[in-house]
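Take a look at the structure set out below.
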2 protein chains.
Amino acid sequence: MLSLMPMPASVRYGAGWFPIDQSLHVSIQGRGDSRVPHAVDRFFTNLAFRTGIPLHNTIDGSKSNFVVTCAAAGEKVQALTEDESYRLEITSSAVRLDAPNPLGILHGLQTFLQLVSIGPNGFAVPAVTVEDRPRFPWRGLLIDVSRHFMPLNVIQRNLDAMEAVKLNVLHWHLSDDQGFRVESRKYPKFQKLSSDGMFYTQQQIQDIIQYARDRGIRVVPEFDMPGHNTSWFVAYPELASGPGPYQIERKWGIFDPAMDPTRDHTYHFLDDFVEEMAKLFPDQYFHTGGDEVNGKEWDRNSAIQEFKQKHGIKDNRELQTYFNQKLQKIVNKHHKIMIGWDEILHPDLPKDAVVQSWRGQASLAEAARQGYRGLLSHGYYLDLMQPASLHYSVDPLGEAANLTVEEKQRILGGEACMWAEFITPANIDERIWPRAAAIAERLWSPENIKDPNSMYARLQSVSDYLDFLGLTHNASYHLMLERLSGSSDIRSLQVLADVVEPVKEYARGDARQYDSLTPLNRLVDTVHPESDAAREFAEMVQRVLNNPSATADIDAIRRWLNLWHDNDQQLEPLLQADSLLQEILPLSQTLQTVAATGLQALEYLGHGGHAPGNWREQQLALLKQAEKPQAELLNMIVPAIEKLVSATVPE
Amino acid sequence: MLSLMPMPASVRYGAGWFPIDQSLHVSIQGRGDSRVPHAVDRFFTNLAFRTGIPLHNTIDGSKSNFVVTCAAAGEKVQALTEDESYRLEITSSAVRLDAPNPLGILHGLQTFLQLVSIGPNGFAVPAVTVEDRPRFPWRGLLIDVSRHFMPLNVIQRNLDAMEAVKLNVLHWHLSDDQGFRVESRKYPKFQKLSSDGMFYTQQQIQDIIQYARDRGIRVVPEFDMPGHNTSWFVAYPELASGPGPYQIERKWGIFDPAMDPTRDHTYHFLDDFVEEMAKLFPDQYFHTGGDEVNGKEWDRNSAIQEFKQKHGIKDNRELQTYFNQKLQKIVNKHHKIMIGWDEILHPDLPKDAVVQSWRGQASLAEAARQGYRGLLSHGYYLDLMQPASLHYSVDPLGEAANLTVEEKQRILGGEACMWAEFITPANIDERIWPRAAAIAERLWSPENIKDPNSMYARLQSVSDYLDFLGLTHNASYHLMLERLSGSSDIRSLQVLADVVEPVKEYARGDARQYDSLTPLNRLVDTVHPESDAAREFAEMVQRVLNNPSATADIDAIRRWLNLWHDNDQQLEPLLQADSLLQEILPLSQTLQTVAATGLQALEYLGHGGHAPGNWREQQLALLKQAEKPQAELLNMIVPAIEKLVSATVPE
């Protein structure tokens, strides 16, 4: 199996390997644009770094053994409708990459780079012919930089990773209750009063847009309205429906403040504002949010109540539609197509709007039936700490069986969402990667590519690949463990950290009071959302239960259990002495306890499976307890140990 | 012991800890310049990243608990003579940092940052009063970007690390036979023909200089002349003494081409060139190299021979002095002080030149005696793969005992040198760090701070600290092991890699033919210059030999030896299948063999120390063999095992 993610639409295997050495020379033909030579430059930098071979594209062009042919230049502003297909033909002596558009060239180069591996004859790429095109034209990653600001280098390296897995839209969630993150020259109080000093200058935004364009990625800004605007009102309280004054929101959740949709001033302001932002962000789409307006500030404002009565607006939902219709005219006036969350969907919403569904596939299908184009984000929320396999199983067309072909085509794709309540520059990469690559595959590859085992094997490869691109999902995990333990000797802490996961969905917010000033430096902020060790352990246990004579697996299980069992003794002094780690003392003890149970179960299973008295019941009760979160962390080896215990038979 | 490197001139311990939390507010007082607020911004970014606590310097200044007072602004161009001292007073409730100059503030903030650790009450800094100043005013790091080009981000992160350890000069070796790395607007053929397309634009240079200035670091450019100029002659052959044509040199070593010191054109050209570069690089010092001119091209040029006769120049050394005198006038004309290597030293050399000694402390002392100021680099060559303790033991005043006070003051300091024959962007950090921190301490701290055990303990801390700054000396080690093994499962490869070191001094060049196109992706390019594991193992062995009842050490030694003994079995299949690793099959087998010897010795020592027959002799002979390089690597545990074997007694 090729270590490719996303898996191409079609792969035909050839014979032999194309070697990576100093004879490599790429020649560029056809009529592409500057993105093609830029991409070839990055291609060489990547290959040189990954192989340690000095490689430059400087030798005589007549010796070219890698011909890149791009039929035409792309749109000046990357468009949703551009052809992203490519054909990559690799033989043992030559490579041809053909595409109708620079986007296909970018994708084909990434496919090639993922195929490089070291073997008995050095670095090489297998001879294959790939014909590839995306299943959906809109494959996004939302990054929320309002709730926790992310510096530019975080955005840049995530764009590098997006290119690697062929995601093509950065949905930049730039404002929310907790902060406004863009320099406005028309409304400079935004950066002065609404950002805590943490915002992007217009020059920085332009640089990011150029950086993204070079990587085949559109940048769609989101300015969420008419709710999620508290930070706006700190600078411009006249936009709000309440009396103010406002302060930047520090808490997480849904808040009352909302724009006043009844005053002309609001629309004059937005006209000016959207004009400025529409120029700054060249993409054809402009996201205006529209989610989670609770209407309480509207209800408390008598002028708004009067307005509703006067205009026959029967409820707040209709009032929001009224706002959306006016906002959409503004957005259209500035040559953009409006995109918003589920809530904007209303019979009066003009049909050129795009609906992004956080509610689910059924909601998305319903929008398509009504004539709207849509995107799926439900099922792709990376902040919920779900396994990659769960995201991978969610298909944008999952509830579209009864749609016509035309209706189905309105479903443009989807977006992975990185909401930022619990992320920092140190852990954002590991919250996004490698899981987002599984979503990227769902959005790019044919529908029938859906075996989770294959996905996990390739996810490991893509994760390694992203290490080389400078993503910090692994490097920063080690740094954060060092930070927690105050030294670089993190061995025993990592033994524990490797088998636990943060609690799922919204359980963290339920567990304690968090806000934007809460330090995010505990073990729950450090560990990967998904424990590879626990998943592999579970697979081993399953193999042994299927085949009790799998002695290699039995030995491996025993080694793991011994490691876990003995770990608490090593770890405990560190945990005692460290304010950030004291809370995991019980978690560490539980690991010892459940490992002991596992070892005992293994012992019984090795001798006929009989366990004395009510051992089995007692242990299952103990394991039930061990499943519960401790310090907002879940011990992920417990389910597999439950299986071992369940396989014993009471004497 | 405080985890500080370099150790300050004076530390007085107080009581308690100053906590790092959201009450932290730095207020800036006095009359510094923009470097102070910039440094405070970076200080908060660093603290926030290292602690995971959201920290910004935004709260009300009246609540300030950290007062930074800078008495005056610094020079517009950082000067050698500026006062770098500072006083840092930390109590459990407040911090005061005072300095006469922004440079002291930068140093004091770094001292504070190194003191942060996690404890039972969270992140905190111990109450101490530090009064500190450097022993030498010139504390440099030379980075050669000619032999292997280094991208900007490599330079930037190394400047970050230099700031952390109070190094204050980046000596940028920008041209050599193998490439010319600066954009010249007057002589654009340099970047076109002499650089293989790998050079810095003037804008990039300016950005680096600004970046360095913000970190208290001067940037001294080196343009080596009149030898080491082959790449120059590709673009401008009229400068050369030979007939040409020239090609960019691909090999390493000392080559014949040299500038023609007899033609007026040479000096007209250099006048123009130095003028341009003197403007680009604002530092007061301008390095013109001057090393390793073999004179062969001069000897083959009859016009030069005639010139020598005519002017009574008796040998090539005098001819080079003639060149240097003219060059120095040019350098002075453009308001710079010339600095060059040992070879420029000659009775006729004007006294304002600075001599950088690669030959040794005696040569440096001799220069000082003759009235020249000087720098030591002999003993600080990082490319020679020596242990930190060796560099640490080399003092710039090591041969200065007989100098007068005035003569001693002419010894300005020293520079660690990172020559680039065998470095790439992937391994440069681990070639420089953490060893350069030991040199930084030698150049900053009082002469009597010289205990290598203390140094190694603190070197580990500073290495961890540099991880957080983004230095890749550890992260890239793992990446390169992944690159070698083609997967992220590097455990058994790392067991071997952790106990071997590259061959020392110039042995690599002797072992095989290298040039600038040779891939640098083997294990020898990957491993650290110094094996911490081997050093710690040797210390354990020494403790056991001193005290045979140190059972904890004996157990630890046995665990290590067992790990090493069993490793080859795990590793061998990978080595067989991987073109880059096949060469270390014998190295891996040797590890097993010597570990077996060690285990046997331990066994005998545990039972009275008697070994049968000629076992001891046989094993010592075997270990003698095992000391030899394999694949240009040395097995560093062998000496400790020799000690164990030597401690047995033939029966």
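Identifiers in the structure tokens: chain A, B, ... in order shown; residue index from 1 per chain; ligand index from 1 in order shown.
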
List the neighbours of Leu349 (chain B) out to 12 Å using only C-alpha atoms; skip same-chain residues closer than 3 positions along the sequence, and give me the result as a ChimeraX atom specification. /B:317-318,320-329,338-340,342-346,352-355,367,370-372

Which chain A residues are at most 7 Å from chain B (counting only C-alpha atoms), as a list in words?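 Going by the stated atoms only, the list reads Phe49, Arg50, Thr51, Gly52, Ile53, Pro54, Ser117, Ile118, Gly119, Pro120, Asn121, Gly122, Ala426, Asp464, Phe468, Ala475, Leu479, Arg483, Gly486, Ser488, Leu517, Pro519, Leu520, Asn521, Ala577, Asp578, Ser579 and Leu580 of chain A.
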
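Omitting Gly289 (chain B) and its sequence neighbours fewer than 4 positions away, and counting only C-alpha atoms, the residues within 7 Å are Glu222, Phe223, Asp224, Met225, Gly340 and Trp341 of chain B.
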
List the neighbours of Thr404 (chain B) out to 10 Å using only C-alpha atoms; skip same-chain residues closer than 5 positions along the sequence, and give me the result as a PyMOL selection string. chain B and resi 368-369+409

Quick one: residues within 10 Å of Gln625 (chain A), only C-alpha atoms counted, chain neighbours fewer than 6 positions away excluded, as a PyMOL selection string? chain A and resi 590+619+638

Which residue gives the smallest distance to Pro446 (chain A) among A:Ser92, A:Asn562, A:Ser10, A:Ser377, with only C-alpha atoms counted?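 Nearest to Pro446 (chain A): A:Ser10.
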
Neighbours of region 201-216 of chain B within 9 Å (only C-alpha atoms; same-chain residues fewer than 2 positions away dropped), as JSON, numbers by chain? {"B": [34, 35, 36, 38, 39, 77, 78, 102, 103, 104, 106, 107, 152, 155, 156, 159, 160, 162, 163, 164, 166, 167, 168, 169, 170, 181, 182, 183, 184, 185, 199, 218, 219, 280, 281, 282]}

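Interatomic distance, CA of Trp419 (chain B) against CA of Lys296 (chain B): 24.1 Å.
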
Taking the backbone alone, and naming residues the way the document does, which bits of region 47-93 of chain B are strand (DSSP E) by DSSP, as a ChimeraX atom specification? /B:66-70,86-90

Save out the residues we just selected, all heavy atoms, as an mmCIF file, in the first residue's frame.
```cif
data_model
loop_
_atom_site.group_PDB
_atom_site.id
_atom_site.type_symbol
_atom_site.label_atom_id
_atom_site.label_comp_id
_atom_site.auth_asym_id
_atom_site.auth_seq_id
_atom_site.Cartn_x
_atom_site.Cartn_y
_atom_site.Cartn_z
ATOM 1 N N PHE B 66 7.817 44.269 38.434
ATOM 2 C CA PHE B 66 9.084 43.959 37.767
ATOM 3 C C PHE B 66 9.502 45.250 37.073
ATOM 4 O O PHE B 66 8.956 45.619 36.033
ATOM 5 C CB PHE B 66 8.863 42.832 36.753
ATOM 6 C CG PHE B 66 10.120 42.226 36.165
ATOM 7 C CD1 PHE B 66 10.203 40.844 35.975
ATOM 8 C CD2 PHE B 66 11.206 42.992 35.776
ATOM 9 C CE1 PHE B 66 11.333 40.258 35.420
ATOM 10 C CE2 PHE B 66 12.343 42.414 35.229
ATOM 11 C CZ PHE B 66 12.404 41.048 35.048
ATOM 12 N N VAL B 67 10.457 45.940 37.676
ATOM 13 C CA VAL B 67 10.853 47.251 37.166
ATOM 14 C C VAL B 67 12.190 47.137 36.443
ATOM 15 O O VAL B 67 13.189 46.703 37.029
ATOM 16 C CB VAL B 67 10.944 48.287 38.299
ATOM 17 C CG1 VAL B 67 11.394 49.640 37.733
ATOM 18 C CG2 VAL B 67 9.597 48.412 39.003
ATOM 19 N N VAL B 68 12.162 47.506 35.190
ATOM 20 C CA VAL B 68 13.361 47.501 34.357
ATOM 21 C C VAL B 68 13.815 48.950 34.203
ATOM 22 O O VAL B 68 13.059 49.780 33.707
ATOM 23 C CB VAL B 68 13.032 46.902 32.974
ATOM 24 C CG1 VAL B 68 14.166 47.189 31.982
ATOM 25 C CG2 VAL B 68 12.762 45.408 33.083
ATOM 26 N N THR B 69 15.020 49.233 34.632
ATOM 27 C CA THR B 69 15.522 50.608 34.534
ATOM 28 C C THR B 69 16.819 50.631 33.734
ATOM 29 O O THR B 69 17.816 50.023 34.137
ATOM 30 C CB THR B 69 15.770 51.204 35.927
ATOM 31 O OG1 THR B 69 14.593 51.029 36.723
ATOM 32 C CG2 THR B 69 16.088 52.699 35.809
ATOM 33 N N CYS B 70 16.751 51.316 32.621
ATOM 34 C CA CYS B 70 17.921 51.423 31.757
ATOM 35 C C CYS B 70 18.382 52.878 31.785
ATOM 36 O O CYS B 70 17.610 53.784 31.480
ATOM 37 C CB CYS B 70 17.548 50.996 30.344
ATOM 38 S SG CYS B 70 18.953 50.991 29.233
ATOM 39 N N TYR B 86 24.818 44.397 34.277
ATOM 40 C CA TYR B 86 23.451 44.566 34.787
ATOM 41 C C TYR B 86 23.405 44.090 36.240
ATOM 42 O O TYR B 86 24.296 43.364 36.713
ATOM 43 C CB TYR B 86 22.443 43.775 33.946
ATOM 44 C CG TYR B 86 22.600 42.285 34.047
ATOM 45 C CD1 TYR B 86 21.879 41.545 34.982
ATOM 46 C CD2 TYR B 86 23.505 41.603 33.236
ATOM 47 C CE1 TYR B 86 22.054 40.172 35.099
ATOM 48 C CE2 TYR B 86 23.685 40.238 33.346
ATOM 49 C CZ TYR B 86 22.955 39.525 34.268
ATOM 50 O OH TYR B 86 23.122 38.176 34.406
ATOM 51 N N ARG B 87 22.354 44.527 36.894
ATOM 52 C CA ARG B 87 22.091 44.078 38.253
ATOM 53 C C ARG B 87 20.644 43.613 38.300
ATOM 54 O O ARG B 87 19.733 44.340 37.900
ATOM 55 C CB ARG B 87 22.308 45.238 39.228
ATOM 56 C CG ARG B 87 22.125 44.849 40.678
ATOM 57 C CD ARG B 87 22.434 46.033 41.605
ATOM 58 N NE ARG B 87 22.469 45.601 42.985
ATOM 59 C CZ ARG B 87 21.372 45.385 43.724
ATOM 60 N NH1 ARG B 87 20.177 45.586 43.222
ATOM 61 N NH2 ARG B 87 21.497 44.974 44.984
ATOM 62 N N LEU B 88 20.450 42.380 38.743
ATOM 63 C CA LEU B 88 19.116 41.781 38.774
ATOM 64 C C LEU B 88 18.818 41.370 40.205
ATOM 65 O O LEU B 88 19.510 40.525 40.769
ATOM 66 C CB LEU B 88 19.080 40.548 37.851
ATOM 67 C CG LEU B 88 17.805 39.705 37.839
ATOM 68 C CD1 LEU B 88 16.626 40.496 37.266
ATOM 69 C CD2 LEU B 88 18.029 38.431 37.013
ATOM 70 N N GLU B 89 17.792 42.010 40.774
ATOM 71 C CA GLU B 89 17.463 41.697 42.163
ATOM 72 C C GLU B 89 16.068 41.100 42.199
ATOM 73 O O GLU B 89 15.086 41.761 41.841
ATOM 74 C CB GLU B 89 17.529 42.981 42.998
ATOM 75 C CG GLU B 89 17.235 42.743 44.461
ATOM 76 C CD GLU B 89 17.267 44.037 45.281
ATOM 77 O OE1 GLU B 89 18.009 44.967 44.894
ATOM 78 O OE2 GLU B 89 16.529 44.116 46.271
ATOM 79 N N ILE B 90 16.001 39.852 42.622
ATOM 80 C CA ILE B 90 14.725 39.135 42.661
ATOM 81 C C ILE B 90 14.400 38.823 44.117
ATOM 82 O O ILE B 90 15.207 38.192 44.807
ATOM 83 C CB ILE B 90 14.804 37.819 41.855
ATOM 84 C CG1 ILE B 90 15.252 38.104 40.411
ATOM 85 C CG2 ILE B 90 13.468 37.085 41.897
ATOM 86 C CD1 ILE B 90 15.595 36.857 39.617
#
```

If we count only C-alpha atoms, what is near region 599-610 of chain B at a cut-off of 7 Å, once residues fewer than 4 positions away on the same chain are taken out, given as a list in words? Arg558, Leu561, Ala595, Leu644, Val645, Thr648, Val649, Pro650 and Glu651 of chain B

For a test of reading the model, state the distance in Å between CA of Phe190 (chain B) and CA of Gly242 (chain B), rounded to one decimal. 18.6 Å

Give the helix (DSSP H, G or I) residues of region 49-260 of chain B, as assigned by DSSP on the backbone, as JSON, numbers by chain. {"B": [49, 50, 51, 61, 62, 63, 102, 103, 104, 105, 106, 107, 108, 109, 110, 111, 112, 113, 114, 115, 152, 153, 154, 155, 156, 157, 158, 159, 160, 161, 162, 163, 164, 189, 190, 191, 192, 193, 202, 203, 204, 205, 206, 207, 208, 209, 210, 211, 212, 213, 214, 230, 231, 232, 233, 234, 235, 237, 238, 239]}

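Among the candidate residues B:Gln361, B:Gln494, B:Asn332, B:Asn294, the one lying nearest to Glu275 (chain B) is B:Asn332, with distances computed using only C-alpha atoms.
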
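Candidate residues B:Val405, B:Ala438, B:Val145, B:Ile411 were compared for distance to Gln386 (chain B), and the nearest is B:Ala438, using only C-alpha atoms.
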
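CA of Val524 (chain A) to CA of Asp395 (chain A) spans 29.3 Å [interatomic distance, one decimal].
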